[in-house]
Amino acid sequence: MTELAYCAVCGIQLVAMPVVRKIADRQTTFCSDICADRFQQEPVRYAGEPVLRVRGLHKSFGSGEAETPVLRGIDLTVWEGEFVSIVGASGSGKSTLLNMIGMLDRPTRGDIYIEGKHSAEFSDEERAGIRAQTFGFVFQQYNLIPWLSVIENAMLPALFSGRGKARESALRQRLVDVGLKHRIGHLPSHLSGGEQQRAALVRAIANDPDIILGDEPTGNLDSETGAKVLEVLKHLHSIERKTLIIVTHDATIAGLADRTIVLKDGRVLEHQAREPGAYTH
Ligand SMILES: Nc1ncnc2c1ncn2[C@@H]1O[C@H](COP(=O)(O)OP(=O)(O)OP(=O)(O)O)[C@@H](O)[C@H]1O
Ligand SMILES: [Mg+2]
């Protein structure tokens, strides 16, 4: 059996004619000239360990006759500081994939490596630690706790990890940045959907995570509040150098990403990479 080849930058499986370039005396394969150019511009970066590597990921729900395959072989690599968007029709598996990446659920088959370590090698305690510290989640449903105020919700992950005091002033400022100054002491039920989404975004960065996972972070927002959330995401990416993996229907967000993964029926239908340097922050 021949060994499967993957693009050295974006990690997708190479089925058609790969681009082959000789880099440091080694034949290296890519899905496109864009990925090859990226590698050649920053060979040290791409020769190292990516923050996330997903290989042959499958996820089914149910068992026996009722078993429904949802993810059917996803390959994907994400490098530190990248902004990757995931798009696709409703039901294509976007949220399911994000939940696997963020270790909220376990794959049926396939591999996920976080900073080089296989997800199955993490103890339950380590998984909890990664969920709390490495990843920041913005869920499709905001999941705010109804009996806590906006600032209490935003600070909750930091309180759990013992960093509440250290993070409070930064998080208050974030709430102001996203236009929630007048809502800091309010309960979620007093907030509009857009305000709740922005509070959830601030909560996602409570522990200053390296990787932000967003599931439709502007999904229910009007264009003005959507623009505020977008500004925060752009700041996190370009100024704070966070890694962003964002599921979205919003063409503006997808257009800002370094790369876009298009899912269809649980598979990567298409992978769109931007020319290196095409995006000026
Ligand atoms: N826990 C579950 N049990 C059974 N089926 C599930 C479960 N979670 C998701 N599914 C199914 O998997 C498919 C993909 O769901 P998923 O939520 O990943 O889609 P999505 O791409 O995020 O869609 P949307 O854009 O509507 O949010 C759907 O058909 C859904 O019904
Ligand atoms: Mg979804």
# chains A, B, ... in the order shown; residues from 1 in each chain; ligands from 1
call {"tool": "residues_around", "arguments": {"residues": "Phe30 (chain A)", "least_positions_apart": "3", "cutoff": "12 Å", "atoms": "only C-alpha atoms", "output": "ChimeraX atom specification"}}
result
/A:5-23,27,33-40,46,273
call {"tool": "write_last_selection", "arguments": {"atoms": "N, CA and C atoms", "output": "PDB file, in the first residue's frame"}}
result
ATOM      1  N   ALA A   5      -0.215  10.806   0.990  1.00  0.00           N
ATOM      2  CA  ALA A   5       0.539  12.060   1.054  1.00  0.00           C
ATOM      3  C   ALA A   5      -0.387  13.191   1.471  1.00  0.00           C
ATOM      4  N   TYR A   6       0.153  14.083   2.263  1.00  0.00           N
ATOM      5  CA  TYR A   6      -0.619  15.233   2.752  1.00  0.00           C
ATOM      6  C   TYR A   6       0.134  16.509   2.431  1.00  0.00           C
ATOM      7  N   CYS A   7      -0.591  17.580   2.216  1.00  0.00           N
ATOM      8  CA  CYS A   7       0.043  18.877   1.988  1.00  0.00           C
ATOM      9  C   CYS A   7       0.828  19.271   3.238  1.00  0.00           C
ATOM     10  N   ALA A   8       2.076  19.683   3.055  1.00  0.00           N
ATOM     11  CA  ALA A   8       2.942  19.996   4.196  1.00  0.00           C
ATOM     12  C   ALA A   8       2.510  21.253   4.941  1.00  0.00           C
ATOM     13  N   VAL A   9       1.607  22.018   4.352  1.00  0.00           N
ATOM     14  CA  VAL A   9       1.141  23.229   5.038  1.00  0.00           C
ATOM     15  C   VAL A   9      -0.279  23.024   5.587  1.00  0.00           C
ATOM     16  N   CYS A  10      -1.236  22.739   4.704  1.00  0.00           N
ATOM     17  CA  CYS A  10      -2.618  22.709   5.189  1.00  0.00           C
ATOM     18  C   CYS A  10      -3.070  21.321   5.614  1.00  0.00           C
ATOM     19  N   GLY A  11      -2.297  20.300   5.303  1.00  0.00           N
ATOM     20  CA  GLY A  11      -2.573  18.968   5.827  1.00  0.00           C
ATOM     21  C   GLY A  11      -3.638  18.193   5.102  1.00  0.00           C
ATOM     22  N   ILE A  12      -4.184  18.730   3.985  1.00  0.00           N
ATOM     23  CA  ILE A  12      -5.219  17.944   3.305  1.00  0.00           C
ATOM     24  C   ILE A  12      -4.566  16.801   2.522  1.00  0.00           C
ATOM     25  N   GLN A  13      -5.341  15.761   2.357  1.00  0.00           N
ATOM     26  CA  GLN A  13      -4.820  14.588   1.661  1.00  0.00           C
ATOM     27  C   GLN A  13      -4.692  14.907   0.178  1.00  0.00           C
ATOM     28  N   LEU A  14      -3.559  14.505  -0.402  1.00  0.00           N
ATOM     29  CA  LEU A  14      -3.291  14.845  -1.804  1.00  0.00           C
ATOM     30  C   LEU A  14      -3.764  13.709  -2.692  1.00  0.00           C
ATOM     31  N   VAL A  15      -4.841  13.955  -3.395  1.00  0.00           N
ATOM     32  CA  VAL A  15      -5.378  12.914  -4.272  1.00  0.00           C
ATOM     33  C   VAL A  15      -5.013  13.181  -5.723  1.00  0.00           C
ATOM     34  N   ALA A  16      -5.120  14.451  -6.114  1.00  0.00           N
ATOM     35  CA  ALA A  16      -4.792  14.791  -7.506  1.00  0.00           C
ATOM     36  C   ALA A  16      -3.284  15.038  -7.618  1.00  0.00           C
ATOM     37  N   MET A  17      -2.860  15.740  -8.643  1.00  0.00           N
ATOM     38  CA  MET A  17      -1.436  16.020  -8.866  1.00  0.00           C
ATOM     39  C   MET A  17      -0.906  16.986  -7.803  1.00  0.00           C
ATOM     40  N   PRO A  18      -0.063  16.517  -6.912  1.00  0.00           N
ATOM     41  CA  PRO A  18       0.453  17.460  -5.924  1.00  0.00           C
ATOM     42  C   PRO A  18       1.526  18.363  -6.525  1.00  0.00           C
ATOM     43  N   VAL A  19       1.766  19.490  -5.881  1.00  0.00           N
ATOM     44  CA  VAL A  19       2.885  20.357  -6.243  1.00  0.00           C
ATOM     45  C   VAL A  19       4.090  19.837  -5.449  1.00  0.00           C
ATOM     46  N   VAL A  20       5.180  19.550  -6.155  1.00  0.00           N
ATOM     47  CA  VAL A  20       6.364  19.029  -5.462  1.00  0.00           C
ATOM     48  C   VAL A  20       7.492  20.039  -5.582  1.00  0.00           C
ATOM     49  N   ARG A  21       8.069  20.402  -4.450  1.00  0.00           N
ATOM     50  CA  ARG A  21       9.226  21.315  -4.494  1.00  0.00           C
ATOM     51  C   ARG A  21      10.332  20.752  -3.634  1.00  0.00           C
ATOM     52  N   LYS A  22      11.556  21.063  -4.067  1.00  0.00           N
ATOM     53  CA  LYS A  22      12.714  20.587  -3.303  1.00  0.00           C
ATOM     54  C   LYS A  22      13.052  21.673  -2.283  1.00  0.00           C
ATOM     55  N   ILE A  23      12.915  21.329  -1.011  1.00  0.00           N
ATOM     56  CA  ILE A  23      13.206  22.309   0.038  1.00  0.00           C
ATOM     57  C   ILE A  23      14.219  21.682   0.980  1.00  0.00           C
ATOM     58  N   GLN A  27      12.276  16.464  -1.081  1.00  0.00           N
ATOM     59  CA  GLN A  27      11.086  16.654  -1.911  1.00  0.00           C
ATOM     60  C   GLN A  27       9.898  16.837  -0.971  1.00  0.00           C
ATOM     61  N   ASP A  33       0.317  25.775  -5.319  1.00  0.00           N
ATOM     62  CA  ASP A  33       1.462  26.689  -5.308  1.00  0.00           C
ATOM     63  C   ASP A  33       1.375  27.658  -4.125  1.00  0.00           C
ATOM     64  N   ILE A  34       0.152  27.992  -3.736  1.00  0.00           N
ATOM     65  CA  ILE A  34       0.002  28.928  -2.615  1.00  0.00           C
ATOM     66  C   ILE A  34       0.620  28.334  -1.345  1.00  0.00           C
ATOM     67  N   CYS A  35       0.277  27.088  -1.037  1.00  0.00           N
ATOM     68  CA  CYS A  35       0.848  26.440   0.152  1.00  0.00           C
ATOM     69  C   CYS A  35       2.362  26.268  -0.005  1.00  0.00           C
ATOM     70  N   ALA A  36       2.809  25.938  -1.200  1.00  0.00           N
ATOM     71  CA  ALA A  36       4.252  25.776  -1.437  1.00  0.00           C
ATOM     72  C   ALA A  36       4.986  27.105  -1.223  1.00  0.00           C
ATOM     73  N   ASP A  37       4.398  28.195  -1.706  1.00  0.00           N
ATOM     74  CA  ASP A  37       5.012  29.518  -1.519  1.00  0.00           C
ATOM     75  C   ASP A  37       5.105  29.868  -0.043  1.00  0.00           C
ATOM     76  N   ARG A  38       4.034  29.554   0.672  1.00  0.00           N
ATOM     77  CA  ARG A  38       4.040  29.820   2.123  1.00  0.00           C
ATOM     78  C   ARG A  38       5.193  29.108   2.802  1.00  0.00           C
ATOM     79  N   PHE A  39       5.322  27.840   2.480  1.00  0.00           N
ATOM     80  CA  PHE A  39       6.377  27.039   3.106  1.00  0.00           C
ATOM     81  C   PHE A  39       7.736  27.645   2.794  1.00  0.00           C
ATOM     82  N   GLN A  40       7.914  28.016   1.517  1.00  0.00           N
ATOM     83  CA  GLN A  40       9.227  28.540   1.129  1.00  0.00           C
ATOM     84  C   GLN A  40       9.527  29.887   1.784  1.00  0.00           C
ATOM     85  N   TYR A  46       7.056  26.016   9.208  1.00  0.00           N
ATOM     86  CA  TYR A  46       6.309  24.852   8.751  1.00  0.00           C
ATOM     87  C   TYR A  46       7.055  23.525   8.921  1.00  0.00           C
ATOM     88  N   ALA A 273      -6.824  28.594   0.068  1.00  0.00           N
ATOM     89  CA  ALA A 273      -5.751  29.296   0.797  1.00  0.00           C
ATOM     90  C   ALA A 273      -5.533  30.652   0.143  1.00  0.00           C
TER      91      ALA A 273
END
call {"tool": "closest_atom_pairs", "arguments": {"of": "chain A", "to": "ligand 2", "cutoff": "7 Å", "atoms": "only C-alpha atoms and all ligand atoms", "output": "CSV"}}
result
residue,atom,partner,partner_atom_place_in_ligand_line,distance
A:Ser90,CA,ligand 2,1 (Mg),6.8
A:Lys94,CA,ligand 2,1 (Mg),5.5
A:Ser95,CA,ligand 2,1 (Mg),4.1
A:Gln140,CA,ligand 2,1 (Mg),6.5
A:Asp215,CA,ligand 2,1 (Mg),6.6
call {"tool": "residues_around", "arguments": {"residues": "Gly194 (chain A)", "least_positions_apart": "6", "cutoff": "12 Å", "atoms": "only C-alpha atoms", "output": "short mmCIF file (atom, residue, chain, number, x, y, z; two decimals) with C-alpha atoms, in the first residue's frame"}}
result
data_model
loop_
_atom_site.label_atom_id
_atom_site.label_comp_id
_atom_site.auth_asym_id
_atom_site.auth_seq_id
_atom_site.Cartn_x
_atom_site.Cartn_y
_atom_site.Cartn_z
CA GLN A 140 -23.28 28.42 18.57
CA GLN A 141 -25.69 28.62 21.51
CA TYR A 142 -24.16 31.14 23.86
CA VAL A 178 -17.27 45.00 22.43
CA GLY A 179 -19.83 47.64 23.42
CA LEU A 180 -21.15 46.05 26.62
CA PRO A 188 -28.06 37.42 30.34
CA ALA A 200 -19.76 34.79 25.26
CA LEU A 201 -16.84 35.95 23.13
CA GLU A 216 -20.88 31.08 14.24
CA PRO A 217 -19.66 33.92 16.46
CA THR A 218 -21.61 36.46 14.40
CA GLY A 219 -24.45 34.09 13.50
CA ASN A 220 -27.27 35.97 15.19
CA LEU A 221 -25.95 39.50 14.99
CA ASP A 222 -27.07 42.50 12.99
CA SER A 223 -24.37 44.05 10.84
CA GLU A 224 -23.33 46.66 13.41
CA THR A 225 -22.86 44.25 16.33
CA GLY A 226 -21.36 41.72 13.92
CA ALA A 227 -18.76 44.31 13.00
CA LYS A 228 -17.86 44.76 16.69
CA VAL A 229 -17.30 41.02 17.13
#
call {"tool": "residues_near_ligand", "arguments": {"ligand": "ligand 1", "cutoff": "7 Å", "atoms": "only C-alpha atoms and all ligand atoms", "output": "JSON, numbers by chain"}}
result
{"A": [61, 62, 70, 88, 89, 90, 91, 92, 93, 94, 95, 96, 97]}
call {"tool": "select_by_dssp", "arguments": {"residues": "region 25-193 of chain A", "states": "strand (DSSP E)", "output": "MDAnalysis selection string"}}
result
chainID A and resid 26:30 52:61 68:78 83:88 109:114 117:118 135:138
call {"tool": "atom_distance", "arguments": {"atom1": "CA of Phe137 (chain A)", "atom2": "CA of Arg203 (chain A)"}}
result
8.2 Å
call {"tool": "closest_residue", "arguments": {"among": "A:Ser119, A:Thr252, A:Ser85, A:Gln41", "to": "Gln272 (chain A)", "atoms": "only C-alpha atoms"}}
result
A:Ser85
call {"tool": "closest_residue", "arguments": {"among": "A:Ser161, A:Gln173, A:Ser238, A:Ser32", "to": "Leu256 (chain A)", "atoms": "only C-alpha atoms"}}
result
A:Ser238
call {"tool": "residues_around", "arguments": {"residues": "Ile114 (chain A)", "least_positions_apart": "3", "cutoff": "9 Å", "atoms": "only C-alpha atoms", "output": "PyMOL selection string"}}
result
chain A and resi 50-54+101+117-119
call {"tool": "atom_distance", "arguments": {"atom1": "CA of Arg72 (chain A)", "atom2": "CA of Val84 (chain A)"}}
result
19.9 Å
call {"tool": "residues_around", "arguments": {"residues": "Ile86 (chain A)", "least_positions_apart": "5", "cutoff": "9 Å", "atoms": "only C-alpha atoms", "output": "list of chain:residue names"}}
result
A:Lys94, A:Ile245, A:Ile246, A:Val247, A:Thr248, A:His249, A:Ala254, A:Arg259, A:Thr260, A:Ile261, A:Val262, A:Leu263
call {"tool": "residues_around", "arguments": {"residues": "region 146-149 of chain A", "least_positions_apart": "2", "cutoff": "6 Å", "atoms": "only C-alpha atoms", "output": "PDB file with N, CA and C atoms, in the first residue's frame"}}
result
ATOM      1  N   ILE A 151     -20.366  40.164  33.703  1.00  0.00           N
ATOM      2  CA  ILE A 151     -18.950  40.101  34.119  1.00  0.00           C
ATOM      3  C   ILE A 151     -18.660  38.777  34.841  1.00  0.00           C
ATOM      4  N   GLU A 152     -19.634  38.281  35.620  1.00  0.00           N
ATOM      5  CA  GLU A 152     -19.415  36.991  36.306  1.00  0.00           C
ATOM      6  C   GLU A 152     -19.313  35.851  35.292  1.00  0.00           C
ATOM      7  N   ASN A 153     -20.170  35.879  34.286  1.00  0.00           N
ATOM      8  CA  ASN A 153     -20.073  34.875  33.221  1.00  0.00           C
ATOM      9  C   ASN A 153     -18.725  34.947  32.529  1.00  0.00           C
ATOM     10  N   GLY A 185     -23.120  44.569  34.597  1.00  0.00           N
ATOM     11  CA  GLY A 185     -23.728  43.982  35.800  1.00  0.00           C
ATOM     12  C   GLY A 185     -25.072  43.319  35.555  1.00  0.00           C
ATOM     13  N   HIS A 186     -25.496  43.220  34.289  1.00  0.00           N
ATOM     14  CA  HIS A 186     -26.827  42.672  33.986  1.00  0.00           C
ATOM     15  C   HIS A 186     -26.815  41.145  33.850  1.00  0.00           C
ATOM     16  N   LEU A 187     -27.993  40.556  34.024  1.00  0.00           N
ATOM     17  CA  LEU A 187     -28.143  39.119  33.774  1.00  0.00           C
ATOM     18  C   LEU A 187     -28.318  38.883  32.270  1.00  0.00           C
ATOM     19  N   PRO A 188     -27.926  37.706  31.775  1.00  0.00           N
ATOM     20  CA  PRO A 188     -28.065  37.422  30.335  1.00  0.00           C
ATOM     21  C   PRO A 188     -29.490  37.635  29.808  1.00  0.00           C
TER      22      PRO A 188
END
call {"tool": "decode", "arguments": {"residues": "region 91-123 of chain A", "atoms": "C-alpha atoms", "output": "mmCIF file, in the first residue's frame"}}
result
data_model
loop_
_atom_site.group_PDB
_atom_site.id
_atom_site.type_symbol
_atom_site.label_atom_id
_atom_site.label_comp_id
_atom_site.auth_asym_id
_atom_site.auth_seq_id
_atom_site.Cartn_x
_atom_site.Cartn_y
_atom_site.Cartn_z
ATOM 1 C CA GLY A 91 -25.661 19.683 8.790
ATOM 2 C CA SER A 92 -22.313 19.280 7.014
ATOM 3 C CA GLY A 93 -20.533 18.577 10.315
ATOM 4 C CA LYS A 94 -18.945 21.923 11.213
ATOM 5 C CA SER A 95 -19.965 21.994 14.877
ATOM 6 C CA THR A 96 -19.169 18.301 15.230
ATOM 7 C CA LEU A 97 -15.647 18.910 13.903
ATOM 8 C CA LEU A 98 -15.126 21.883 16.209
ATOM 9 C CA ASN A 99 -16.253 19.822 19.207
ATOM 10 C CA MET A 100 -13.710 17.105 18.341
ATOM 11 C CA ILE A 101 -10.919 19.644 17.927
ATOM 12 C CA GLY A 102 -11.773 21.257 21.246
ATOM 13 C CA MET A 103 -11.904 17.868 23.013
ATOM 14 C CA LEU A 104 -15.542 18.262 23.963
ATOM 15 C CA ASP A 105 -16.248 14.943 22.275
ATOM 16 C CA ARG A 106 -14.195 11.961 21.111
ATOM 17 C CA PRO A 107 -13.809 10.783 17.519
ATOM 18 C CA THR A 108 -15.094 7.392 16.403
ATOM 19 C CA ARG A 109 -11.886 6.891 14.426
ATOM 20 C CA GLY A 110 -8.902 8.953 13.343
ATOM 21 C CA ASP A 111 -6.309 11.112 15.012
ATOM 22 C CA ILE A 112 -6.094 14.546 16.545
ATOM 23 C CA TYR A 113 -2.760 15.935 17.701
ATOM 24 C CA ILE A 114 -2.627 19.045 19.860
ATOM 25 C CA GLU A 115 0.823 20.616 19.768
ATOM 26 C CA GLY A 116 2.220 17.276 18.630
ATOM 27 C CA LYS A 117 0.560 15.108 21.251
ATOM 28 C CA HIS A 118 -2.121 12.579 20.333
ATOM 29 C CA SER A 119 -5.435 13.451 21.936
ATOM 30 C CA ALA A 120 -5.871 9.878 23.222
ATOM 31 C CA GLU A 121 -2.667 10.254 25.268
ATOM 32 C CA PHE A 122 -4.103 13.010 27.413
ATOM 33 C CA SER A 123 -5.473 12.001 30.806
#
